[in-house]
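Pasting my_file_39.pdb here (PDB, C-alpha atoms):
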```pdb
ATOM      1  CA  MET T  21      23.054 -42.024  52.438
ATOM      2  CA  VAL T  22      23.835 -39.550  49.699
ATOM      3  CA  GLU T  23      20.905 -38.795  47.445
ATOM      4  CA  ALA T  24      21.505 -38.937  43.737
ATOM      5  CA  ALA T  25      21.208 -35.668  41.944
ATOM      6  CA  PRO T  26      18.112 -35.408  39.770
ATOM      7  CA  VAL T  27      18.791 -36.014  36.133
ATOM      8  CA  SER T  28      17.593 -33.163  33.991
ATOM      9  CA  ALA T  29      15.766 -33.867  30.778
ATOM     10  CA  PRO T  30      17.830 -33.601  27.620
ATOM     11  CA  SER T  31      17.726 -30.149  26.080
ATOM     12  CA  GLY T  32      16.187 -31.585  22.935
ATOM     13  CA  ARG T  33      13.118 -32.694  24.914
ATOM     14  CA  TRP T  34      12.301 -29.298  26.423
ATOM     15  CA  PHE T  35       8.985 -29.261  24.545
ATOM     16  CA  THR T  36       7.810 -32.588  26.024
ATOM     17  CA  PRO T  37       5.625 -31.050  28.807
ATOM     18  CA  TYR T  38       3.957 -28.684  26.353
ATOM     19  CA  ALA T  39       3.323 -31.512  23.887
ATOM     20  CA  ALA T  40       1.715 -33.589  26.638
ATOM     21  CA  VAL T  41      -0.678 -30.754  27.501
ATOM     22  CA  LEU T  42      -1.574 -30.198  23.846
ATOM     23  CA  HIS T  43      -2.189 -33.917  23.351
ATOM     24  CA  SER T  44      -4.545 -33.990  26.332
ATOM     25  CA  ARG T  45      -6.483 -30.968  25.004
ATOM     26  CA  ILE T  46      -6.842 -32.537  21.562
ATOM     27  CA  ARG T  47      -7.975 -35.844  23.053
ATOM     28  CA  SER T  48     -10.552 -34.127  25.294
ATOM     29  CA  GLN T  49     -12.077 -32.257  22.335
ATOM     30  CA  ARG T  50     -12.490 -35.482  20.386
ATOM     31  CA  ALA T  51     -14.003 -37.371  23.324
ATOM     32  CA  TYR T  52     -17.526 -36.095  22.621
ATOM     33  CA  ARG T  53     -17.846 -36.709  18.913
ATOM     34  CA  LEU T  54     -21.268 -35.157  18.331
ATOM     35  CA  SER T  55     -20.284 -31.953  20.121
ATOM     36  CA  PHE T  56     -16.978 -31.859  18.255
ATOM     37  CA  ALA T  57     -18.700 -32.380  14.902
ATOM     38  CA  SER T  58     -21.184 -29.578  15.589
ATOM     39  CA  GLU T  59     -18.370 -27.191  16.542
ATOM     40  CA  VAL T  60     -16.431 -28.056  13.397
ATOM     41  CA  PHE T  61     -19.549 -27.539  11.282
ATOM     42  CA  SER T  62     -20.261 -24.158  12.909
ATOM     43  CA  ALA T  63     -16.677 -23.018  12.267
ATOM     44  CA  PHE T  64     -17.030 -24.187   8.665
ATOM     45  CA  LEU T  65     -20.217 -22.150   8.294
ATOM     46  CA  ILE T  66     -18.441 -19.053   9.638
ATOM     47  CA  GLY T  67     -15.817 -19.410   6.929
ATOM     48  CA  VAL T  68     -18.478 -19.927   4.242
ATOM     49  CA  VAL T  69     -20.509 -16.906   5.399
ATOM     50  CA  GLU T  70     -17.414 -14.682   5.399
ATOM     51  CA  PHE T  71     -16.624 -15.773   1.872
ATOM     52  CA  ALA T  72     -20.253 -15.249   0.838
ATOM     53  CA  GLU T  73     -20.022 -11.616   1.971
ATOM     54  CA  VAL T  74     -17.037 -11.027  -0.298
ATOM     55  CA  TRP T  75     -18.703 -12.902  -3.162
ATOM     56  CA  VAL T  76     -21.889 -10.817  -2.937
ATOM     57  CA  ILE T  77     -19.972  -7.528  -2.833
ATOM     58  CA  PHE T  78     -17.728  -8.259  -5.803
ATOM     59  CA  HIS T  79     -20.456 -10.032  -7.765
ATOM     60  CA  ASN T  80     -22.447  -6.792  -7.749
ATOM     61  CA  VAL T  81     -19.735  -4.128  -7.763
ATOM     62  CA  ARG T  82     -17.497  -5.977 -10.261
ATOM     63  CA  VAL T  83     -14.426  -3.826  -9.437
ATOM     64  CA  LEU T  84     -13.633  -2.379  -6.009
ATOM     65  CA  GLY T  85     -10.424  -0.608  -5.175
ATOM     66  CA  GLY T  86      -8.878  -1.758  -8.425
ATOM     67  CA  LEU T  87      -9.609  -5.453  -7.724
ATOM     68  CA  ASP T  88     -12.086  -7.674  -9.541
ATOM     69  CA  LEU T  89     -13.722 -10.860  -8.282
ATOM     70  CA  HIS T  90     -10.761 -13.096  -9.143
ATOM     71  CA  ALA T  91      -8.386 -10.772  -7.315
ATOM     72  CA  ALA T  92     -10.811 -10.704  -4.389
ATOM     73  CA  LEU T  93     -10.563 -14.500  -4.151
ATOM     74  CA  LEU T  94      -6.802 -14.171  -3.752
ATOM     75  CA  LEU T  95      -7.215 -11.351  -1.224
ATOM     76  CA  PHE T  96      -9.729 -13.332   0.833
ATOM     77  CA  GLY T  97      -7.714 -16.536   0.649
ATOM     78  CA  LEU T  98      -4.481 -14.942   1.858
ATOM     79  CA  SER T  99      -6.071 -12.916   4.651
ATOM     80  CA  ASN T 100      -8.348 -15.636   6.019
ATOM     81  CA  THR T 101      -5.810 -18.453   5.706
ATOM     82  CA  THR T 102      -3.192 -16.589   7.721
ATOM     83  CA  PHE T 103      -5.707 -15.316  10.275
ATOM     84  CA  ALA T 104      -7.448 -18.670  10.730
ATOM     85  CA  LEU T 105      -4.157 -20.543  11.240
ATOM     86  CA  ALA T 106      -2.939 -17.881  13.661
ATOM     87  CA  GLN T 107      -6.247 -18.238  15.504
ATOM     88  CA  VAL T 108      -5.689 -21.989  15.766
ATOM     89  CA  LEU T 109      -2.252 -21.430  17.289
ATOM     90  CA  VAL T 110      -2.838 -18.475  19.638
ATOM     91  CA  GLY T 111      -6.492 -17.464  19.325
ATOM     92  CA  HIS T 112      -7.266 -18.949  22.741
ATOM     93  CA  LEU T 113      -5.279 -16.105  24.331
ATOM     94  CA  ASP T 114      -8.523 -14.120  24.229
ATOM     95  CA  THR T 115      -9.639 -16.199  27.232
ATOM     96  CA  LEU T 116      -6.946 -14.523  29.356
ATOM     97  CA  PRO T 117      -9.423 -12.124  31.077
ATOM     98  CA  THR T 118     -11.324 -15.159  32.411
ATOM     99  CA  LEU T 119      -8.102 -16.673  33.769
ATOM    100  CA  ILE T 120      -7.243 -13.381  35.469
ATOM    101  CA  ARG T 121     -10.685 -12.894  37.042
ATOM    102  CA  MET T 122     -10.867 -16.471  38.343
ATOM    103  CA  GLY T 123      -7.312 -16.427  39.664
ATOM    104  CA  THR T 124      -6.421 -19.417  37.485
ATOM    105  CA  LEU T 125      -3.486 -17.524  36.014
ATOM    106  CA  ASP T 126      -1.707 -17.647  39.385
ATOM    107  CA  ALA T 127      -1.189 -21.393  38.973
ATOM    108  CA  TYR T 128       0.719 -20.790  35.749
ATOM    109  CA  HIS T 129       3.231 -18.631  37.618
ATOM    110  CA  LEU T 130       4.122 -21.588  39.858
ATOM    111  CA  ARG T 131       5.424 -23.644  36.951
ATOM    112  CA  PRO T 132       9.045 -23.295  35.827
ATOM    113  CA  GLN T 133       8.162 -22.432  32.245
ATOM    114  CA  PRO T 134       7.636 -19.085  30.493
ATOM    115  CA  LEU T 135       4.099 -17.836  31.063
ATOM    116  CA  LEU T 136       3.376 -16.924  27.447
ATOM    117  CA  LEU T 137       4.599 -20.272  26.146
ATOM    118  CA  GLN T 138       2.430 -22.072  28.710
ATOM    119  CA  LEU T 139      -0.661 -20.164  27.592
ATOM    120  CA  VAL T 140       0.035 -20.622  23.886
ATOM    121  CA  THR T 141       0.561 -24.387  24.254
ATOM    122  CA  GLY T 142      -2.115 -24.777  26.914
ATOM    123  CA  ASP T 143      -4.917 -25.263  24.416
ATOM    124  CA  VAL T 144      -5.694 -25.683  20.745
ATOM    125  CA  SER T 145      -9.057 -25.411  19.039
ATOM    126  CA  LEU T 146      -9.356 -28.083  16.365
ATOM    127  CA  ARG T 147     -12.682 -26.739  15.128
ATOM    128  CA  ARG T 148     -10.930 -23.637  13.797
ATOM    129  CA  PHE T 149      -9.191 -25.774  11.201
ATOM    130  CA  ALA T 150     -12.563 -25.936   9.417
ATOM    131  CA  ARG T 151     -12.535 -22.175   8.906
ATOM    132  CA  ALA T 152      -8.932 -22.395   7.715
ATOM    133  CA  ALA T 153      -9.923 -25.140   5.256
ATOM    134  CA  VAL T 154     -12.468 -22.840   3.588
ATOM    135  CA  ALA T 155      -9.861 -20.103   3.275
ATOM    136  CA  ILE T 156      -7.233 -22.486   1.856
ATOM    137  CA  VAL T 157      -9.653 -23.730  -0.824
ATOM    138  CA  VAL T 158     -10.483 -20.140  -1.814
ATOM    139  CA  LEU T 159      -6.765 -19.294  -1.842
ATOM    140  CA  ILE T 160      -5.991 -22.176  -4.201
ATOM    141  CA  ILE T 161      -8.829 -21.101  -6.512
ATOM    142  CA  GLY T 162      -7.572 -17.511  -6.407
ATOM    143  CA  LEU T 163      -4.030 -18.572  -7.298
ATOM    144  CA  LEU T 164      -5.333 -20.615 -10.231
ATOM    145  CA  GLN T 165      -7.883 -18.109 -11.541
ATOM    146  CA  ASN T 166      -5.570 -15.100 -11.655
ATOM    147  CA  ASP T 167      -2.969 -14.514 -14.347
ATOM    148  CA  ILE T 168       0.174 -14.719 -12.194
ATOM    149  CA  ASP T 169       3.685 -14.866 -13.607
ATOM    150  CA  TRP T 170       5.002 -17.832 -11.608
ATOM    151  CA  ASP T 171       8.676 -17.018 -11.419
ATOM    152  CA  ALA T 172      10.930 -17.567  -8.397
ATOM    153  CA  ALA T 173       9.958 -14.195  -6.907
ATOM    154  CA  ALA T 174       6.248 -15.094  -6.992
ATOM    155  CA  PHE T 175       6.820 -18.400  -5.184
ATOM    156  CA  VAL T 176       8.977 -16.686  -2.558
ATOM    157  CA  LEU T 177       6.328 -13.993  -2.162
ATOM    158  CA  VAL T 178       3.530 -16.507  -1.515
ATOM    159  CA  VAL T 179       5.587 -18.495   0.997
ATOM    160  CA  MET T 180       6.753 -15.328   2.752
ATOM    161  CA  THR T 181       3.212 -13.973   2.891
ATOM    162  CA  LEU T 182       1.774 -17.126   4.438
ATOM    163  CA  GLY T 183       4.545 -17.490   7.030
ATOM    164  CA  CYS T 184       4.769 -13.827   7.990
ATOM    165  CA  GLY T 185       0.992 -13.423   7.862
ATOM    166  CA  ILE T 186       0.456 -16.148  10.456
ATOM    167  CA  LEU T 187       3.170 -14.642  12.655
ATOM    168  CA  LEU T 188       1.795 -11.127  12.222
ATOM    169  CA  PHE T 189      -1.743 -12.057  13.235
ATOM    170  CA  GLY T 190      -0.298 -14.145  16.078
ATOM    171  CA  GLY T 191       1.571 -11.068  17.274
ATOM    172  CA  ILE T 192      -1.658  -9.063  17.246
ATOM    173  CA  PHE T 193      -3.284 -11.692  19.474
ATOM    174  CA  VAL T 194      -0.334 -11.402  21.886
ATOM    175  CA  CYS T 195      -0.667  -7.596  21.842
ATOM    176  CA  ALA T 196      -4.330  -7.939  22.776
ATOM    177  CA  ALA T 197      -3.468 -10.402  25.556
ATOM    178  CA  GLY T 198      -0.850  -8.058  27.000
ATOM    179  CA  LEU T 199      -3.407  -5.246  27.163
ATOM    180  CA  GLN T 200      -5.846  -7.470  29.086
ATOM    181  CA  PHE T 201      -3.657  -7.213  32.194
ATOM    182  CA  PHE T 202      -4.671  -3.553  32.303
ATOM    183  CA  LEU T 203      -8.190  -3.710  30.819
ATOM    184  CA  ILE T 204      -9.457  -7.048  32.286
ATOM    185  CA  ASP T 205     -12.939  -6.588  30.804
ATOM    186  CA  GLY T 206     -11.766  -4.779  27.690
ATOM    187  CA  SER T 207     -11.907  -7.689  25.270
ATOM    188  CA  GLU T 208     -14.320  -5.751  23.047
ATOM    189  CA  LEU T 209     -11.660  -3.073  22.597
ATOM    190  CA  THR T 210      -8.872  -5.510  21.789
ATOM    191  CA  ASN T 211     -11.149  -7.513  19.484
ATOM    192  CA  SER T 212     -11.391  -4.418  17.304
ATOM    193  CA  PHE T 213      -7.717  -4.955  16.486
ATOM    194  CA  THR T 214      -7.702  -8.775  16.283
ATOM    195  CA  TYR T 215     -10.974  -9.657  14.568
ATOM    196  CA  GLY T 216     -11.343  -6.126  13.226
ATOM    197  CA  GLY T 217      -7.867  -6.437  11.762
ATOM    198  CA  SER T 218      -8.905  -9.663  10.073
ATOM    199  CA  PHE T 219     -11.910  -7.933   8.516
ATOM    200  CA  ALA T 220      -9.743  -5.011   7.375
ATOM    201  CA  ALA T 221      -7.261  -7.439   5.796
ATOM    202  CA  MET T 222     -10.039  -8.822   3.578
ATOM    203  CA  GLN T 223     -10.742  -5.396   2.089
ATOM    204  CA  PRO T 224      -8.840  -3.552  -0.659
ATOM    205  CA  ALA T 225      -6.805  -1.049   1.367
ATOM    206  CA  SER T 226      -6.979   1.423  -1.514
ATOM    207  CA  VAL T 227     -10.592   2.261  -0.584
ATOM    208  CA  PHE T 228      -9.685   3.202   2.999
ATOM    209  CA  PRO T 229      -9.551   6.866   3.990
ATOM    210  CA  LEU T 230      -6.136   8.206   4.998
ATOM    211  CA  PRO T 231      -6.461   7.513   8.767
ATOM    212  CA  LEU T 232      -7.379   3.852   8.145
ATOM    213  CA  LYS T 233      -4.576   3.458   5.602
ATOM    214  CA  LEU T 234      -2.106   4.648   8.244
ATOM    215  CA  LEU T 235      -3.701   2.437  10.912
ATOM    216  CA  PHE T 236      -3.974  -0.833   8.974
ATOM    217  CA  GLY T 237      -1.017  -0.152   6.715
ATOM    218  CA  PHE T 238       1.614   0.779   9.293
ATOM    219  CA  ALA T 239       0.425   0.876  12.935
ATOM    220  CA  VAL T 240      -1.392  -2.482  12.792
ATOM    221  CA  PRO T 241      -0.022  -3.543   9.387
ATOM    222  CA  VAL T 242      -2.593  -6.120   8.312
ATOM    223  CA  ALA T 243      -2.350  -4.777   4.749
ATOM    224  CA  PHE T 244       0.909  -6.744   4.527
ATOM    225  CA  THR T 245      -0.943 -10.036   5.069
ATOM    226  CA  ALA T 246      -3.085  -9.959   1.916
ATOM    227  CA  TYR T 247      -3.615  -6.655   0.082
ATOM    228  CA  LEU T 248       0.026  -5.857  -0.701
ATOM    229  CA  PRO T 249       0.820  -9.474  -1.699
ATOM    230  CA  THR T 250      -2.274  -9.522  -3.933
ATOM    231  CA  ILE T 251      -1.398  -6.387  -5.886
ATOM    232  CA  ALA T 252       2.248  -7.500  -6.069
ATOM    233  CA  LEU T 253       1.324 -10.911  -7.500
ATOM    234  CA  LEU T 254      -1.051  -9.278  -9.979
ATOM    235  CA  GLU T 255       1.530  -6.585 -10.811
ATOM    236  CA  LEU T 256      -0.780  -3.716  -9.860
ATOM    237  CA  PRO T 257       0.779  -0.420  -8.706
ATOM    238  CA  GLY T 258      -1.305   0.180  -5.593
ATOM    239  CA  PRO T 259      -2.259   3.512  -3.969
ATOM    240  CA  PRO T 260       0.360   6.200  -3.158
ATOM    241  CA  LEU T 261       0.822   5.260   0.516
ATOM    242  CA  LEU T 262       0.784   1.505  -0.154
ATOM    243  CA  PRO T 263       2.738   0.771  -3.345
ATOM    244  CA  SER T 264       3.147  -2.878  -4.260
ATOM    245  CA  TRP T 265       6.925  -2.937  -3.638
ATOM    246  CA  LEU T 266       6.252  -2.495   0.084
ATOM    247  CA  VAL T 267       5.296  -6.181   0.215
ATOM    248  CA  TRP T 268       9.004  -7.095   0.463
ATOM    249  CA  LEU T 269       9.080  -5.281   3.820
ATOM    250  CA  THR T 270       6.574  -7.764   5.258
ATOM    251  CA  PRO T 271       9.222  -9.348   7.575
ATOM    252  CA  LEU T 272       9.901  -5.875   9.020
ATOM    253  CA  ALA T 273       6.169  -5.346   9.600
ATOM    254  CA  THR T 274       6.026  -8.723  11.356
ATOM    255  CA  LEU T 275       9.071  -7.832  13.470
ATOM    256  CA  TRP T 276       7.437  -4.521  14.436
ATOM    257  CA  ILE T 277       4.279  -6.273  15.637
ATOM    258  CA  TRP T 278       6.245  -8.808  17.700
ATOM    259  CA  LEU T 279       8.413  -6.121  19.299
ATOM    260  CA  LEU T 280       5.194  -4.342  20.244
ATOM    261  CA  ALA T 281       3.589  -7.608  21.389
ATOM    262  CA  LEU T 282       6.477  -8.690  23.609
ATOM    263  CA  GLY T 283       6.763  -5.170  25.019
ATOM    264  CA  LEU T 284       3.066  -5.063  25.932
ATOM    265  CA  TRP T 285       3.257  -8.593  27.330
ATOM    266  CA  ARG T 286       6.230  -7.667  29.520
ATOM    267  CA  LEU T 287       4.480  -4.545  30.797
ATOM    268  CA  GLY T 288       1.297  -6.520  31.440
ATOM    269  CA  THR T 289       2.948  -9.337  33.384
ATOM    270  CA  ARG T 290       4.878  -6.817  35.495
ATOM    271  CA  HIS T 291       1.628  -4.995  36.225
ATOM    272  CA  TYR T 292      -0.169  -8.206  37.261
ATOM    273  CA  GLN T 293      -0.516  -8.525  41.041
ATOM    274  CA  GLY T 294      -2.425 -11.827  41.247
ATOM    275  CA  GLY T 295      -6.060 -12.834  41.168
ATOM    276  CA  GLY T 296      -6.628 -11.947  44.792
ATOM    277  CA  GLY T 297      -9.086 -14.817  45.257
TER     278      GLY T 297
END
```

Encoding of this model in structure tokens:
Amino acid sequence: MVEAAPVSAPSGRWFTPYAAVLHSRIRSQRAYRLSFASEVFSAFLIGVVEFAEVWVIFHNVRVLGGLDLHAALLLFGLSNTTFALAQVLVGHLDTLPTLIRMGTLDAYHLRPQPLLLQLVTGDVSLRRFARAAVAIVVLIIGLLQNDIDWDAAAFVLVVMTLGCGILLFGGIFVCAAGLQFFLIDGSELTNSFTYGGSFAAMQPASVFPLPLKLLFGFAVPVAFTAYLPTIALLELPGPPLLPSWLVWLTPLATLWIWLLALGLWRLGTRHYQGGGG
């Protein structure tokens, strides 16, 4: 008897296995409602506390780095919205050291799908949407409170900033994950660029000393996620190294981060020799 050849899934349904895994993760998080509600509330509080820090600073200083309180709302909203949504999508990559130490990562290599795509779609943290919700509300208030000339360029700028900002922070998470293949227990070091980058994005880059301007303006260009869009929307000139017109190079900054991220990921996966368990 001649066996029938297996029928491959249509190319349009290539995402079906990943969607099934994501659906199971979402369903498992909602299974224990009290636990889920407490996690959502804690994430909400984190967002509120972060905003309270900015509010206290600008409520007392009035103007910092050329930005007032209303401009700070826009700065906080852009930076935290893009970071929080990127954290929802790929923030769970910071658990990679645990997968490596326990040897769990070896099982991923047995599946006929790209490793990075498996890890990205292997989990999603719904509670982090609460933090994103706080940032989105602040962003809307910031857009309404500031005197912005809403022409076509301003609309394009906001859309570009949100899309590229999420991708840029996502690329930083992938960079940190690629380094974990070498560091294993170096999450504190990589967190200085992921969560530290988020904190730097909330600050007016004009107050940074020269080394930090070069670091967060060009090497890890988180200034493109919020500060440059803010001064561009408000038609402020910006400091010498970070003029407002640089905001239109945000796609190039995002491309730079992803080239770095994919390069580090490729080096890391080639260096990986298995859990050894």

On this file, the PyMOL selection byres ((chain T and resi 105) around 9) gives some set of residues; write that set as a PDB file with C-alpha atoms, in the frame of the given file.
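What ended up in part_29.pdb:
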```pdb
ATOM      1  CA  ASN T 100      -8.348 -15.636   6.019  1.00  0.00           C
ATOM      2  CA  THR T 101      -5.810 -18.453   5.706  1.00  0.00           C
ATOM      3  CA  THR T 102      -3.192 -16.589   7.721  1.00  0.00           C
ATOM      4  CA  PHE T 103      -5.707 -15.316  10.275  1.00  0.00           C
ATOM      5  CA  ALA T 104      -7.448 -18.670  10.730  1.00  0.00           C
ATOM      6  CA  ALA T 106      -2.939 -17.881  13.661  1.00  0.00           C
ATOM      7  CA  GLN T 107      -6.247 -18.238  15.504  1.00  0.00           C
ATOM      8  CA  VAL T 108      -5.689 -21.989  15.766  1.00  0.00           C
ATOM      9  CA  LEU T 109      -2.252 -21.430  17.289  1.00  0.00           C
ATOM     10  CA  VAL T 110      -2.838 -18.475  19.638  1.00  0.00           C
ATOM     11  CA  GLY T 111      -6.492 -17.464  19.325  1.00  0.00           C
ATOM     12  CA  ARG T 148     -10.930 -23.637  13.797  1.00  0.00           C
ATOM     13  CA  PHE T 149      -9.191 -25.774  11.201  1.00  0.00           C
ATOM     14  CA  ARG T 151     -12.535 -22.175   8.906  1.00  0.00           C
ATOM     15  CA  ALA T 152      -8.932 -22.395   7.715  1.00  0.00           C
ATOM     16  CA  ILE T 186       0.456 -16.148  10.456  1.00  0.00           C
ATOM     17  CA  GLY T 190      -0.298 -14.145  16.078  1.00  0.00           C
TER      18      GLY T 190
END
```

Next item on the list: In Å, rounded to a single decimal, give me how far CA of Leu146 in chain T is from CA of Phe56 in chain T.
Entry: 8.7 Å

Next item on the list: Could you check how far CA of Glu73 in chain T sits from CA of Ala221 in chain T, in Å to one decimal?
Entry: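 Pair CA of Glu73 in chain T / CA of Ala221 in chain T returns 14.0 Å.
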
Item checked: Contacts of Leu232 in chain T within 12 Å, all atoms listed in the file, excl. fewer than 2 positions in-chain, as a PyMOL selection string -> chain T and resi 216-217+220-221+223-230+234-243+261-262

Using the chain letters and numbers from the file, which residues does the PyMOL selection byres ((chain T and resi 206-209) around 12) grab, as a PDB file with C-alpha atoms, in the frame of the given file?
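What follows is the written file result-v1.pdb:
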```pdb
ATOM      1  CA  LEU T 113      -5.279 -16.105  24.331  1.00  0.00           C
ATOM      2  CA  ASP T 114      -8.523 -14.120  24.229  1.00  0.00           C
ATOM      3  CA  THR T 115      -9.639 -16.199  27.232  1.00  0.00           C
ATOM      4  CA  LEU T 116      -6.946 -14.523  29.356  1.00  0.00           C
ATOM      5  CA  PRO T 117      -9.423 -12.124  31.077  1.00  0.00           C
ATOM      6  CA  THR T 118     -11.324 -15.159  32.411  1.00  0.00           C
ATOM      7  CA  PHE T 193      -3.284 -11.692  19.474  1.00  0.00           C
ATOM      8  CA  CYS T 195      -0.667  -7.596  21.842  1.00  0.00           C
ATOM      9  CA  ALA T 196      -4.330  -7.939  22.776  1.00  0.00           C
ATOM     10  CA  ALA T 197      -3.468 -10.402  25.556  1.00  0.00           C
ATOM     11  CA  GLY T 198      -0.850  -8.058  27.000  1.00  0.00           C
ATOM     12  CA  LEU T 199      -3.407  -5.246  27.163  1.00  0.00           C
ATOM     13  CA  GLN T 200      -5.846  -7.470  29.086  1.00  0.00           C
ATOM     14  CA  PHE T 201      -3.657  -7.213  32.194  1.00  0.00           C
ATOM     15  CA  PHE T 202      -4.671  -3.553  32.303  1.00  0.00           C
ATOM     16  CA  LEU T 203      -8.190  -3.710  30.819  1.00  0.00           C
ATOM     17  CA  ILE T 204      -9.457  -7.048  32.286  1.00  0.00           C
ATOM     18  CA  ASP T 205     -12.939  -6.588  30.804  1.00  0.00           C
ATOM     19  CA  THR T 210      -8.872  -5.510  21.789  1.00  0.00           C
ATOM     20  CA  ASN T 211     -11.149  -7.513  19.484  1.00  0.00           C
ATOM     21  CA  SER T 212     -11.391  -4.418  17.304  1.00  0.00           C
ATOM     22  CA  PHE T 213      -7.717  -4.955  16.486  1.00  0.00           C
ATOM     23  CA  THR T 214      -7.702  -8.775  16.283  1.00  0.00           C
ATOM     24  CA  TYR T 215     -10.974  -9.657  14.568  1.00  0.00           C
ATOM     25  CA  GLY T 216     -11.343  -6.126  13.226  1.00  0.00           C
ATOM     26  CA  GLY T 217      -7.867  -6.437  11.762  1.00  0.00           C
TER      27      GLY T 217
END
```

Next item on the list: Could you check which of T:Thr124, T:Gln133, T:Ser99, T:Thr181 is closest to Leu159 in chain T, using all atoms listed in the file?
Entry: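 Closest residue, counting all atoms listed in the file: T:Ser99.
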
Notebook entry, point to check: Given the file above and the PyMOL selection byres ((chain T and resi 89) around 10), which residues are selected, and can you give them as a VMD selection string?
Noted result: chain T and resid 74 to 84 87 to 88 90 to 95 162 165 to 166

Item checked: Nearest to Leu248 in chain T by atom-to-atom distance, counting only C-alpha atoms, from T:Met122, T:Ala173, T:Leu98, T:Ile161 ->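 So, comparing all the options, the nearest one is T:Leu98.
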
Notebook entry, point to check: Between T:Ser145, T:Thr36, T:Ser218, T:Thr245, which one has atoms that come closest to Leu269 in chain T, using all atoms listed in the file?
Noted result: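 Counting all atoms listed in the file, the residue closest to Leu269 in chain T is T:Thr245.
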
Note to self: Between CA of Tyr292 in chain T and CA of Leu139 in chain T, what is the distance in Å, rounded to a tenth?
What the structure shows: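 These two atoms are separated by 15.4 Å.
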
Next item on the list: Tell me which of T:Met222, T:Ala150, T:Leu187, T:Leu256 sits closest to Leu65 in chain T, counting only C-alpha atoms.
Entry: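 Using only C-alpha atoms, the shortest distance to Leu65 in chain T belongs to T:Ala150.
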
Check: Which is closer to Thr270 in chain T than all the others in T:Leu287, T:Cys184, T:Ala252, T:Ala127, using only C-alpha atoms?
Finding: T:Cys184

Next item on the list: Compare T:Leu188, T:Ala246, T:Leu284, T:Leu254 by their minimum atom-to-atom distance to Pro271 in chain T, counting all atoms listed in the file, and give me the closest one.
Entry: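 Ranking T:Leu188, T:Ala246, T:Leu284, T:Leu254 by distance to Pro271 in chain T, first place goes to T:Leu188.
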
For range 140-155 of chain T, what centre and edge lengths in Å (one decimal) does the axis-aligned box get once 5 Å is added on each side of all its listed atoms, as JSON?
```
{"center_x": -6.1, "center_y": -24.1, "center_z": 15.1, "size_x": 23.2, "size_y": 18.0, "size_z": 33.6}
```
